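Novice: Coordinates in work-v4.cif, mmCIF, C-alpha atoms, are listed below.
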```cif
data_query
#
loop_
_atom_site.group_PDB
_atom_site.id
_atom_site.type_symbol
_atom_site.label_atom_id
_atom_site.label_comp_id
_atom_site.auth_asym_id
_atom_site.auth_seq_id
_atom_site.Cartn_x
_atom_site.Cartn_y
_atom_site.Cartn_z
ATOM 1 C CA MET A 1 20.089 88.552 105.526
ATOM 2 C CA LYS A 2 17.305 90.975 104.653
ATOM 3 C CA THR A 3 16.683 89.923 101.036
ATOM 4 C CA VAL A 4 14.212 87.085 100.516
ATOM 5 C CA ILE A 5 15.263 84.685 97.784
ATOM 6 C CA ASP A 6 11.899 83.777 96.324
ATOM 7 C CA ALA A 7 10.765 82.961 92.789
ATOM 8 C CA GLN A 8 10.765 86.642 91.866
ATOM 9 C CA ALA A 9 14.361 87.139 93.035
ATOM 10 C CA ILE A 10 15.524 84.034 91.174
ATOM 11 C CA ARG A 11 13.799 85.169 87.995
ATOM 12 C CA PHE A 12 15.319 88.653 88.357
ATOM 13 C CA TYR A 13 18.871 87.284 88.556
ATOM 14 C CA ARG A 14 18.401 84.885 85.681
ATOM 15 C CA GLU A 15 16.939 87.583 83.456
ATOM 16 C CA ASN A 16 19.159 90.526 84.416
ATOM 17 C CA GLY A 17 22.443 88.922 85.432
ATOM 18 C CA TYR A 18 22.684 90.745 88.753
ATOM 19 C CA ILE A 19 20.919 91.143 92.088
ATOM 20 C CA ILE A 20 21.653 93.044 95.309
ATOM 21 C CA LEU A 21 21.377 91.038 98.537
ATOM 22 C CA ARG A 22 20.806 93.372 101.468
ATOM 23 C CA GLY A 23 22.187 92.967 104.984
ATOM 24 C CA VAL A 24 24.320 89.905 104.335
ATOM 25 C CA ILE A 25 26.914 90.487 107.090
ATOM 26 C CA PRO A 26 25.956 90.596 110.798
ATOM 27 C CA ALA A 27 27.466 93.462 112.813
ATOM 28 C CA PRO A 28 30.058 91.499 114.850
ATOM 29 C CA LEU A 29 31.443 89.858 111.709
ATOM 30 C CA LEU A 30 31.399 93.191 109.864
ATOM 31 C CA GLU A 31 33.702 94.660 112.494
ATOM 32 C CA ARG A 32 36.176 91.780 112.187
ATOM 33 C CA LEU A 33 36.110 91.935 108.395
ATOM 34 C CA ARG A 34 36.794 95.665 108.492
ATOM 35 C CA ALA A 35 39.827 95.067 110.715
ATOM 36 C CA MET A 36 41.101 92.443 108.254
ATOM 37 C CA ALA A 37 40.488 94.799 105.326
ATOM 38 C CA GLU A 38 42.475 97.619 106.939
ATOM 39 C CA GLN A 39 45.406 95.252 107.376
ATOM 40 C CA ALA A 40 45.035 94.271 103.713
ATOM 41 C CA ARG A 41 44.911 97.948 102.694
ATOM 42 C CA GLU A 42 48.209 98.644 104.425
ATOM 43 C CA ILE A 43 49.822 95.616 102.794
ATOM 44 C CA THR A 44 48.697 96.395 99.238
ATOM 45 C CA HIS A 45 49.765 100.029 99.508
ATOM 46 C CA ARG A 46 53.178 98.895 100.694
ATOM 47 C CA ILE A 47 53.525 96.310 97.915
ATOM 48 C CA ASN A 48 51.629 97.902 95.015
ATOM 49 C CA GLY A 49 51.524 101.622 95.739
ATOM 50 C CA PRO A 50 48.837 104.156 96.735
ATOM 51 C CA GLN A 51 46.662 103.651 93.646
ATOM 52 C CA ALA A 52 46.294 99.884 94.194
ATOM 53 C CA GLN A 53 42.679 98.810 93.744
ATOM 54 C CA ARG A 54 42.899 95.348 95.327
ATOM 55 C CA LEU A 55 44.822 92.774 97.316
ATOM 56 C CA GLN A 56 44.489 89.192 96.062
ATOM 57 C CA PRO A 57 44.747 86.382 96.988
ATOM 58 C CA LEU A 58 44.055 87.319 100.581
ATOM 59 C CA GLY A 59 45.212 83.920 101.805
ATOM 60 C CA ASP A 60 48.800 84.922 101.063
ATOM 61 C CA HIS A 61 48.654 88.010 103.271
ATOM 62 C CA VAL A 62 46.092 88.117 106.108
ATOM 63 C CA ASP A 63 44.457 85.925 108.733
ATOM 64 C CA MET A 64 41.566 83.992 107.189
ATOM 65 C CA THR A 65 39.382 83.520 110.272
ATOM 66 C CA ALA A 66 36.806 86.247 109.555
ATOM 67 C CA LEU A 67 36.724 85.538 105.817
ATOM 68 C CA LYS A 68 36.093 81.846 106.401
ATOM 69 C CA GLU A 69 33.232 82.774 108.705
ATOM 70 C CA PHE A 70 31.870 84.980 105.910
ATOM 71 C CA THR A 71 32.054 82.216 103.269
ATOM 72 C CA ALA A 72 30.301 79.830 105.685
ATOM 73 C CA LEU A 73 27.290 82.104 106.347
ATOM 74 C CA PRO A 74 24.314 79.698 105.995
ATOM 75 C CA GLU A 75 21.828 82.203 104.555
ATOM 76 C CA LEU A 76 24.327 83.466 102.010
ATOM 77 C CA ASN A 77 25.200 79.979 100.810
ATOM 78 C CA ALA A 78 21.518 79.070 100.625
ATOM 79 C CA ALA A 79 20.858 82.205 98.552
ATOM 80 C CA PHE A 80 23.551 81.349 96.022
ATOM 81 C CA ARG A 81 22.290 77.777 95.697
ATOM 82 C CA ALA A 82 18.736 79.011 95.169
ATOM 83 C CA LEU A 83 19.806 81.557 92.548
ATOM 84 C CA LEU A 84 22.001 79.034 90.704
ATOM 85 C CA SER A 85 21.980 75.345 91.702
ATOM 86 C CA GLU A 86 22.741 72.971 94.557
ATOM 87 C CA ARG A 87 26.143 72.340 92.972
ATOM 88 C CA HIS A 88 27.334 75.924 93.415
ATOM 89 C CA TYR A 89 29.574 77.018 96.272
ATOM 90 C CA ILE A 90 31.584 80.088 97.283
ATOM 91 C CA SER A 91 35.171 79.820 96.084
ATOM 92 C CA PRO A 92 37.732 79.314 98.890
ATOM 93 C CA ALA A 93 38.230 82.318 101.167
ATOM 94 C CA GLU A 94 41.972 82.203 100.492
ATOM 95 C CA THR A 95 41.397 83.138 96.823
ATOM 96 C CA MET A 96 39.273 86.196 97.547
ATOM 97 C CA ALA A 97 40.193 89.883 97.223
ATOM 98 C CA VAL A 98 39.428 93.178 98.916
ATOM 99 C CA PHE A 99 38.824 96.212 96.685
ATOM 100 C CA PHE A 100 39.966 99.678 97.861
ATOM 101 C CA GLN A 101 39.653 103.295 96.803
ATOM 102 C CA PRO A 102 42.766 105.020 95.409
ATOM 103 C CA THR A 103 44.746 107.149 97.834
ATOM 104 C CA LYS A 104 45.417 110.037 95.435
ATOM 105 C CA ASN A 105 43.854 110.119 91.960
ATOM 106 C CA THR A 106 40.388 109.423 90.542
ATOM 107 C CA TRP A 107 40.347 106.641 87.955
ATOM 108 C CA ALA A 108 38.195 103.861 86.502
ATOM 109 C CA THR A 109 38.400 100.625 84.630
ATOM 110 C CA GLU A 110 37.092 100.652 81.082
ATOM 111 C CA TRP A 111 33.636 99.248 80.310
ATOM 112 C CA HIS A 112 34.312 95.556 79.710
ATOM 113 C CA ARG A 113 33.134 91.972 79.751
ATOM 114 C CA ASP A 114 35.512 89.673 81.664
ATOM 115 C CA LEU A 115 37.770 87.273 79.800
ATOM 116 C CA ARG A 116 36.589 88.249 76.304
ATOM 117 C CA ASP A 117 37.840 91.824 76.571
ATOM 118 C CA HIS A 118 41.222 90.892 78.028
ATOM 119 C CA MET A 119 42.614 89.032 75.022
ATOM 120 C CA ASP A 120 42.329 88.851 71.253
ATOM 121 C CA ALA A 121 39.788 86.566 69.571
ATOM 122 C CA ASP A 122 42.333 83.933 68.512
ATOM 123 C CA THR A 123 43.736 83.617 72.036
ATOM 124 C CA LEU A 124 40.231 83.396 73.483
ATOM 125 C CA THR A 125 39.418 80.529 71.124
ATOM 126 C CA GLU A 126 42.526 78.632 72.234
ATOM 127 C CA VAL A 127 41.926 79.312 75.930
ATOM 128 C CA LEU A 128 38.408 77.886 75.657
ATOM 129 C CA GLU A 129 39.846 74.601 74.296
ATOM 130 C CA GLY A 130 37.016 73.872 71.913
ATOM 131 C CA LYS A 131 34.236 75.494 73.935
ATOM 132 C CA LYS A 132 32.078 77.963 72.050
ATOM 133 C CA TRP A 133 32.394 81.381 73.696
ATOM 134 C CA GLU A 134 28.725 82.333 73.532
ATOM 135 C CA GLN A 135 27.568 79.044 75.017
ATOM 136 C CA PHE A 136 30.270 79.031 77.722
ATOM 137 C CA ALA A 137 29.779 82.693 78.632
ATOM 138 C CA THR A 138 25.982 82.529 78.901
ATOM 139 C CA ASP A 139 25.874 79.229 80.821
ATOM 140 C CA LEU A 140 24.450 80.023 84.268
ATOM 141 C CA ALA A 141 26.983 77.635 85.812
ATOM 142 C CA ASN A 142 29.892 79.942 84.962
ATOM 143 C CA PHE A 143 31.104 83.508 85.592
ATOM 144 C CA ASN A 144 29.150 84.319 88.779
ATOM 145 C CA GLN A 145 30.890 86.681 91.196
ATOM 146 C CA PHE A 146 30.136 89.113 94.015
ATOM 147 C CA ASN A 147 31.207 92.393 95.596
ATOM 148 C CA CYS A 148 30.289 92.624 99.286
ATOM 149 C CA ALA A 149 30.646 96.103 100.781
ATOM 150 C CA LEU A 150 32.189 96.635 104.218
ATOM 151 C CA TYR A 151 31.517 100.371 103.843
ATOM 152 C CA GLU A 152 29.037 102.135 101.567
ATOM 153 C CA ASP A 153 30.076 101.499 97.957
ATOM 154 C CA THR A 154 28.692 102.973 94.731
ATOM 155 C CA SER A 155 31.685 102.189 92.513
ATOM 156 C CA THR A 156 30.204 99.483 90.269
ATOM 157 C CA TRP A 157 27.909 99.941 87.268
ATOM 158 C CA TYR A 158 26.282 97.091 85.341
ATOM 159 C CA VAL A 159 24.208 96.612 82.186
ATOM 160 C CA PRO A 160 21.263 94.293 82.985
ATOM 161 C CA ASP A 161 20.664 91.376 80.585
ATOM 162 C CA SER A 162 23.983 91.887 78.782
ATOM 163 C CA ALA A 163 25.422 88.698 80.344
ATOM 164 C CA PHE A 164 22.920 86.581 78.395
ATOM 165 C CA ARG A 165 23.712 88.019 74.965
ATOM 166 C CA MET A 166 27.243 88.193 73.671
ATOM 167 C CA THR A 167 26.321 90.463 70.753
ATOM 168 C CA ASP A 168 27.079 94.084 71.608
ATOM 169 C CA THR A 169 24.807 96.883 70.475
ATOM 170 C CA PRO A 170 26.254 99.806 68.490
ATOM 171 C CA GLY A 171 25.413 102.105 71.404
ATOM 172 C CA GLU A 172 27.286 99.916 73.883
ATOM 173 C CA LEU A 173 30.363 99.748 71.686
ATOM 174 C CA ALA A 174 30.332 103.503 71.072
ATOM 175 C CA VAL A 175 30.408 104.239 74.806
ATOM 176 C CA ALA A 176 32.765 101.421 75.775
ATOM 177 C CA ARG A 177 35.356 102.460 73.177
ATOM 178 C CA GLY A 178 34.848 106.160 73.857
ATOM 179 C CA LEU A 179 37.671 106.237 76.424
ATOM 180 C CA ASP A 180 40.868 104.216 76.525
ATOM 181 C CA ARG A 181 43.133 103.169 79.380
ATOM 182 C CA ALA A 182 45.115 106.412 79.307
ATOM 183 C CA ALA A 183 41.920 108.470 79.545
ATOM 184 C CA VAL A 184 40.203 106.569 82.376
ATOM 185 C CA GLU A 185 43.397 106.844 84.431
ATOM 186 C CA ASN A 186 44.143 110.446 83.346
ATOM 187 C CA LYS A 187 47.708 109.320 82.686
ATOM 188 C CA ALA A 188 48.673 112.550 80.954
ATOM 189 C CA GLY A 189 47.418 114.553 83.942
ATOM 190 C CA THR A 190 45.681 117.046 81.671
ATOM 191 C CA ARG A 191 42.453 117.126 83.731
ATOM 192 C CA SER A 192 41.906 118.279 87.295
ATOM 193 C CA GLU A 193 40.494 115.818 89.806
ATOM 194 C CA ALA A 194 37.030 117.373 89.472
ATOM 195 C CA GLU A 195 37.209 117.245 85.658
ATOM 196 C CA GLN A 196 38.308 113.619 85.764
ATOM 197 C CA GLU A 197 35.514 112.678 88.168
ATOM 198 C CA LEU A 198 32.833 114.293 85.991
ATOM 199 C CA LEU A 199 34.281 112.734 82.837
ATOM 200 C CA LEU A 200 34.054 109.275 84.409
ATOM 201 C CA GLN A 201 30.552 109.931 85.746
ATOM 202 C CA ASP A 202 29.420 110.592 82.176
ATOM 203 C CA TYR A 203 31.352 107.592 80.846
ATOM 204 C CA CYS A 204 29.515 105.318 83.302
ATOM 205 C CA ALA A 205 26.066 106.868 82.994
ATOM 206 C CA ASN A 206 26.071 107.110 79.187
ATOM 207 C CA MET A 207 26.250 103.346 78.687
ATOM 208 C CA PRO A 208 22.767 102.351 77.412
ATOM 209 C CA GLY A 209 20.723 100.716 80.160
ATOM 210 C CA ALA A 210 23.484 100.892 82.794
ATOM 211 C CA VAL A 211 22.530 100.864 86.483
ATOM 212 C CA GLN A 212 24.698 101.969 89.394
ATOM 213 C CA ALA A 213 24.844 99.538 92.322
ATOM 214 C CA HIS A 214 24.242 101.384 95.594
ATOM 215 C CA LEU A 215 25.537 99.173 98.382
ATOM 216 C CA ASN A 216 25.315 99.963 102.073
ATOM 217 C CA ALA A 217 27.680 98.329 104.554
ATOM 218 C CA GLY A 218 26.973 94.600 104.567
ATOM 219 C CA ASP A 219 25.171 94.561 101.192
ATOM 220 C CA LEU A 220 26.302 92.250 98.396
ATOM 221 C CA LEU A 221 26.158 92.735 94.624
ATOM 222 C CA PHE A 222 25.932 89.337 92.905
ATOM 223 C CA TYR A 223 26.521 89.523 89.167
ATOM 224 C CA ARG A 224 27.658 87.693 86.048
ATOM 225 C CA ASN A 225 30.988 89.125 84.968
ATOM 226 C CA THR A 226 30.461 88.407 81.268
ATOM 227 C CA GLY A 227 27.945 91.241 81.291
ATOM 228 C CA TRP A 228 29.099 94.810 80.664
ATOM 229 C CA HIS A 229 30.416 96.308 83.913
ATOM 230 C CA ILE A 230 32.794 98.958 85.199
ATOM 231 C CA GLY A 231 34.310 100.266 88.421
ATOM 232 C CA SER A 232 34.894 103.983 88.985
ATOM 233 C CA TYR A 233 36.900 105.129 92.021
ATOM 234 C CA VAL A 234 37.403 108.407 93.880
ATOM 235 C CA PRO A 235 39.910 108.976 96.706
ATOM 236 C CA TYR A 236 37.487 110.726 99.066
ATOM 237 C CA ARG A 237 35.025 107.810 99.400
ATOM 238 C CA ARG A 238 36.329 105.071 101.674
ATOM 239 C CA ARG A 239 36.087 101.624 100.136
ATOM 240 C CA ALA A 240 36.735 98.099 101.399
ATOM 241 C CA THR A 241 34.692 95.576 99.420
ATOM 242 C CA LEU A 242 35.094 91.806 99.461
ATOM 243 C CA HIS A 243 35.322 90.178 96.053
ATOM 244 C CA GLY A 244 34.842 86.497 95.321
ATOM 245 C CA GLN A 245 33.220 83.971 93.019
ATOM 246 C CA VAL A 246 30.583 81.252 93.149
ATOM 247 C CA ASP A 247 31.606 78.130 91.272
ATOM 248 C CA THR A 248 30.752 74.579 90.321
ATOM 249 C CA PRO A 249 33.465 71.890 90.537
ATOM 250 C CA GLU A 250 33.779 71.907 86.738
ATOM 251 C CA TYR A 251 34.095 75.665 86.438
ATOM 252 C CA TRP A 252 36.593 75.769 89.317
ATOM 253 C CA ALA A 253 38.718 73.137 87.556
ATOM 254 C CA TRP A 254 38.652 75.177 84.340
ATOM 255 C CA LYS A 255 39.708 78.317 86.221
ATOM 256 C CA GLU A 256 42.526 76.427 87.925
ATOM 257 C CA ALA A 257 43.880 75.279 84.555
ATOM 258 C CA PHE A 258 43.425 78.662 82.865
ATOM 259 C CA PRO A 259 46.649 80.460 83.967
ATOM 260 C CA LYS A 260 48.978 77.715 82.727
ATOM 261 C CA ASN A 261 47.043 77.352 79.466
ATOM 262 C CA TYR A 262 47.145 81.096 78.892
ATOM 263 C CA GLU A 263 50.868 81.328 79.669
ATOM 264 C CA ARG A 264 51.584 78.450 77.290
ATOM 265 C CA ILE A 265 49.594 80.095 74.480
ATOM 266 C CA MET A 266 51.221 83.485 74.983
ATOM 267 C CA ALA A 267 54.721 81.977 75.163
ATOM 268 C CA ARG A 268 54.134 80.177 71.870
ATOM 269 C CA LYS A 269 52.846 83.371 70.228
ATOM 270 C CA LYS A 270 55.806 85.348 71.511
ATOM 271 C CA ALA A 271 58.216 82.731 70.168
ATOM 272 C CA GLY A 272 56.421 82.798 66.810
ATOM 273 C CA LYS A 273 56.729 86.590 66.555
ATOM 274 C CA ALA A 274 60.411 86.433 67.469
ATOM 275 C CA ALA A 275 61.042 83.781 64.823
ATOM 276 C CA ALA A 276 59.181 85.817 62.188
ATOM 277 C CA ALA A 277 61.213 88.899 63.010
ATOM 278 C CA ALA A 278 64.545 87.047 62.851
#
```
Would you kindly transcribe this structure into structure tokens?

Specialist:
Amino acid sequence: MKTVIDAQAIRFYRENGYIILRGVIPAPLLERLRAMAEQAREITHRINGPQAQRLQPLGDHVDMTALKEFTALPELNAAFRALLSERHYISPAETMAVFFQPTKNTWATEWHRDLRDHMDADTLTEVLEGKKWEQFATDLANFNQFNCALYEDTSTWYVPDSAFRMTDTPGELAVARGLDRAAVENKAGTRSEAEQELLLQDYCANMPGAVQAHLNAGDLLFYRNTGWHIGSYVPYRRRATLHGQVDTPEYWAWKEAFPKNYERIMARKKAGKAAAAA
């Protein structure tokens, strides 16, 4: 690994919520991971269609040998422990994803913070089971993830320091709410591919303080997903990027329980709405 994890690097991550680790993957492993990713690409296109952005969990679909070698890389594990704590570890290889470029049409996610922006405030409160969102979201133990590029990747943008403050600025909200899901996917088809690409370039770049992560093959973007971030994808730029998380035992346990808790909450809300409408 080319990046030295010294006091300056640790301070940078803990102040900005992201860091790029250069040259994480050695060449022989990179070749094997690329072969695995191409198999995953074929599978997700067959299952989910040509616009599919990811395949996850990989353990259900492809051979895990190369991915397990990746998650066991000594320098990478040492870097994560130095940036966070000795209790942190890479989540199991079987749970990881590979991100891909779309086959046909340019699109993006919306600017978002993970978890908070995927449910209403009342549901978030219930999901947290008594935890205070701001404290839980800004705790360095939680919400650490990575994108590791197998080919050059410039898809991800991030707002430094936003992961350590849950209050959004007016400028951030204005940009983030400036486009909706229909617009970032050009669902109406009213724009040409070039028009859509330029629209999304502006949408990404206009977010106050946003930086674009420029990853070469083998580079890794490590970031806190409660900070403002976005992915913007074009068909002509090949993409295969590993995606995983770095957890503590406590945070892993919370994540494991989350799907059932969320399903239970949503089922109860659905039943309540049905009863009210009856």

Novice: Could you tell me how far CA of Arg22 (chain A) lies from CA of His214 (chain A), in Å and to one decimal?

Specialist: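 Distance between the two atoms: 10.5 Å.
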
Novice: Any idea what the distance is between CA of Ala27 (chain A) and CA of Ala149 (chain A)?

Specialist: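 Going from CA of Ala27 (chain A) over to CA of Ala149 (chain A), I get 12.7 Å.
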
Novice: Just the residues within 12 Å of Leu73 (chain A), please, counting all atoms listed in the file, with nothing from its chain fewer than 2 positions along; format it as a VMD selection string.

Specialist: chain A and resid 1 24 to 26 29 66 to 71 75 to 80 89 to 90

Novice: Report as JSON, numbers by chain the full result of the PyMOL selection byres ((chain A and resi 143-146) around 7) when it is applied to this structure.

Specialist: {"A": [142, 147, 148, 220, 221, 222, 223, 224, 225, 226, 243, 244, 245, 246]}

Novice: Those residues with C-alpha atoms, as a PDB file, keeping the file's coordinate frame please?

Specialist:
```pdb
ATOM      1  CA  ASN A 142      29.892  79.942  84.962  1.00  0.00           C
ATOM      2  CA  ASN A 147      31.207  92.393  95.596  1.00  0.00           C
ATOM      3  CA  CYS A 148      30.289  92.624  99.286  1.00  0.00           C
ATOM      4  CA  LEU A 220      26.302  92.250  98.396  1.00  0.00           C
ATOM      5  CA  LEU A 221      26.158  92.735  94.624  1.00  0.00           C
ATOM      6  CA  PHE A 222      25.932  89.337  92.905  1.00  0.00           C
ATOM      7  CA  TYR A 223      26.521  89.523  89.167  1.00  0.00           C
ATOM      8  CA  ARG A 224      27.658  87.693  86.048  1.00  0.00           C
ATOM      9  CA  ASN A 225      30.988  89.125  84.968  1.00  0.00           C
ATOM     10  CA  THR A 226      30.461  88.407  81.268  1.00  0.00           C
ATOM     11  CA  HIS A 243      35.322  90.178  96.053  1.00  0.00           C
ATOM     12  CA  GLY A 244      34.842  86.497  95.321  1.00  0.00           C
ATOM     13  CA  GLN A 245      33.220  83.971  93.019  1.00  0.00           C
ATOM     14  CA  VAL A 246      30.583  81.252  93.149  1.00  0.00           C
TER      15      VAL A 246
END
```

Novice: Tell me which protein, DNA and RNA residues are within 12 Å of Leu199 (chain A), counting all atoms listed in the file, leaving out same-chain ones fewer than 5 positions away, and put them as JSON, numbers by chain.

Specialist: {"A": [106, 107, 108, 178, 179, 183, 184, 185, 186, 191, 192, 193, 194, 204, 205, 206, 232]}

Novice: For the residues in the current selection, export C-alpha atoms as a short mmCIF file (atom, residue, chain, number, x, y, z; two decimals), in the coordinates of the input.

Specialist:
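Written out: result_31.cif:
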```
data_model
loop_
_atom_site.label_atom_id
_atom_site.label_comp_id
_atom_site.auth_asym_id
_atom_site.auth_seq_id
_atom_site.Cartn_x
_atom_site.Cartn_y
_atom_site.Cartn_z
CA THR A 106 40.39 109.42 90.54
CA TRP A 107 40.35 106.64 87.96
CA ALA A 108 38.20 103.86 86.50
CA GLY A 178 34.85 106.16 73.86
CA LEU A 179 37.67 106.24 76.42
CA ALA A 183 41.92 108.47 79.54
CA VAL A 184 40.20 106.57 82.38
CA GLU A 185 43.40 106.84 84.43
CA ASN A 186 44.14 110.45 83.35
CA ARG A 191 42.45 117.13 83.73
CA SER A 192 41.91 118.28 87.30
CA GLU A 193 40.49 115.82 89.81
CA ALA A 194 37.03 117.37 89.47
CA CYS A 204 29.52 105.32 83.30
CA ALA A 205 26.07 106.87 82.99
CA ASN A 206 26.07 107.11 79.19
CA SER A 232 34.89 103.98 88.98
#
```

Novice: Using the file's own x, y and z axes, so that the box edges lie along x, y and z, what centre and edge lengths in Å (one decimal) does a box around every listed atom of region 1-9 of chain A get when 4 Å is added on each side? Give it as AutoDock Vina command-line options.

Specialist:
```
--center_x 15.4 --center_y 87.0 --center_z 98.7 --size_x 17.3 --size_y 16.0 --size_z 21.7
```

Novice: Which residues, written as a VMD selection string, have at least one atom at most 6 Å from Asn16 (chain A), with only C-alpha atoms counted and residues fewer than 3 positions away on the same chain left out?

Specialist: chain A and resid 12 to 13 160 to 161

Novice: For Asp139 (chain A), which residue out of A:Ala82, A:Met166, A:Ala37, A:Ala72 is the nearest one, using all atoms listed in the file?

Specialist: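 Using all atoms listed in the file, the shortest distance to Asp139 (chain A) belongs to A:Met166.
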
Novice: Any idea what's packed within 10 Å of Arg116 (chain A), counting all atoms listed in the file, ignoring anything in its chain fewer than 3 positions away? Could you give it as a list in words?

Specialist: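 In the requested format, the answer is His112, Arg113, Met119, Asp120, Ala121, Thr123, Leu124, Thr125, Trp133, Ala137, Met166 and Thr226 of chain A.
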
Novice: Compare A:Tyr203, A:Trp228, A:Phe100, A:Tyr158 by their minimum atom-to-atom distance to Ile43 (chain A), counting all atoms listed in the file, and give me the closest one.

Specialist: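 Going through A:Tyr203, A:Trp228, A:Phe100, A:Tyr158 one by one, the smallest distance to Ile43 (chain A) is for A:Phe100.
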
Novice: Which residues, written as a VMD selection string, have at least one atom at most 6 Å from Trp111 (chain A), with only C-alpha atoms counted and residues fewer than 5 positions away on the same chain left out?

Specialist: chain A and resid 176 229 to 230

Novice: Counting only C-alpha atoms, which of A:Glu134, A:Asp114, A:Asp63, A:Asp168 gets nearest to Ala35 (chain A)?

Specialist: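 Distance minimum relative to Ala35 (chain A) lands on A:Asp63.
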
Novice: Check the smallest atom-to-atom distance from each of A:Leu115, A:Ser85, A:Gly189, A:Asn105 to Val127 (chain A) using all atoms listed in the file, then report the winner.

Specialist: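 The closest residue to Val127 (chain A) is A:Leu115.
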
Novice: If I take CA of Leu150 (chain A) and CA of Ala217 (chain A), how far is one from the other in Å, to one decimal?

Specialist: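 Interatomic distance here is 4.8 Å.
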
Novice: For the file shown, report as a ChimeraX atom specification the outcome of the PyMOL selection byres ((chain A and resi 60) around 12) at residue level.

Specialist: /A:40,43-44,55-59,61-64,93-97

Novice: Pick out the closest residue to His45 (chain A) from this set: A:Gln101, A:Thr190, A:Ser91, A:Thr109. Count only C-alpha atoms.

Specialist: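 Closest residue, counting only C-alpha atoms: A:Gln101.
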
Novice: Can you work out which one of A:Glu250, A:Glu197, A:Asp219, A:Glu263 has the shortest atom-to-atom distance to Lys2 (chain A), counting all atoms listed in the file?

Specialist: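 Going through A:Glu250, A:Glu197, A:Asp219, A:Glu263 one by one, the smallest distance to Lys2 (chain A) is for A:Asp219.
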
Novice: Specify as an NGL selection string each residue included when the PyMOL selection byres ((chain A and resi 262) around 10) is applied to this file.

Specialist: :A and (119 or 123-124 or 126-128 or 257-261 or 263-268)
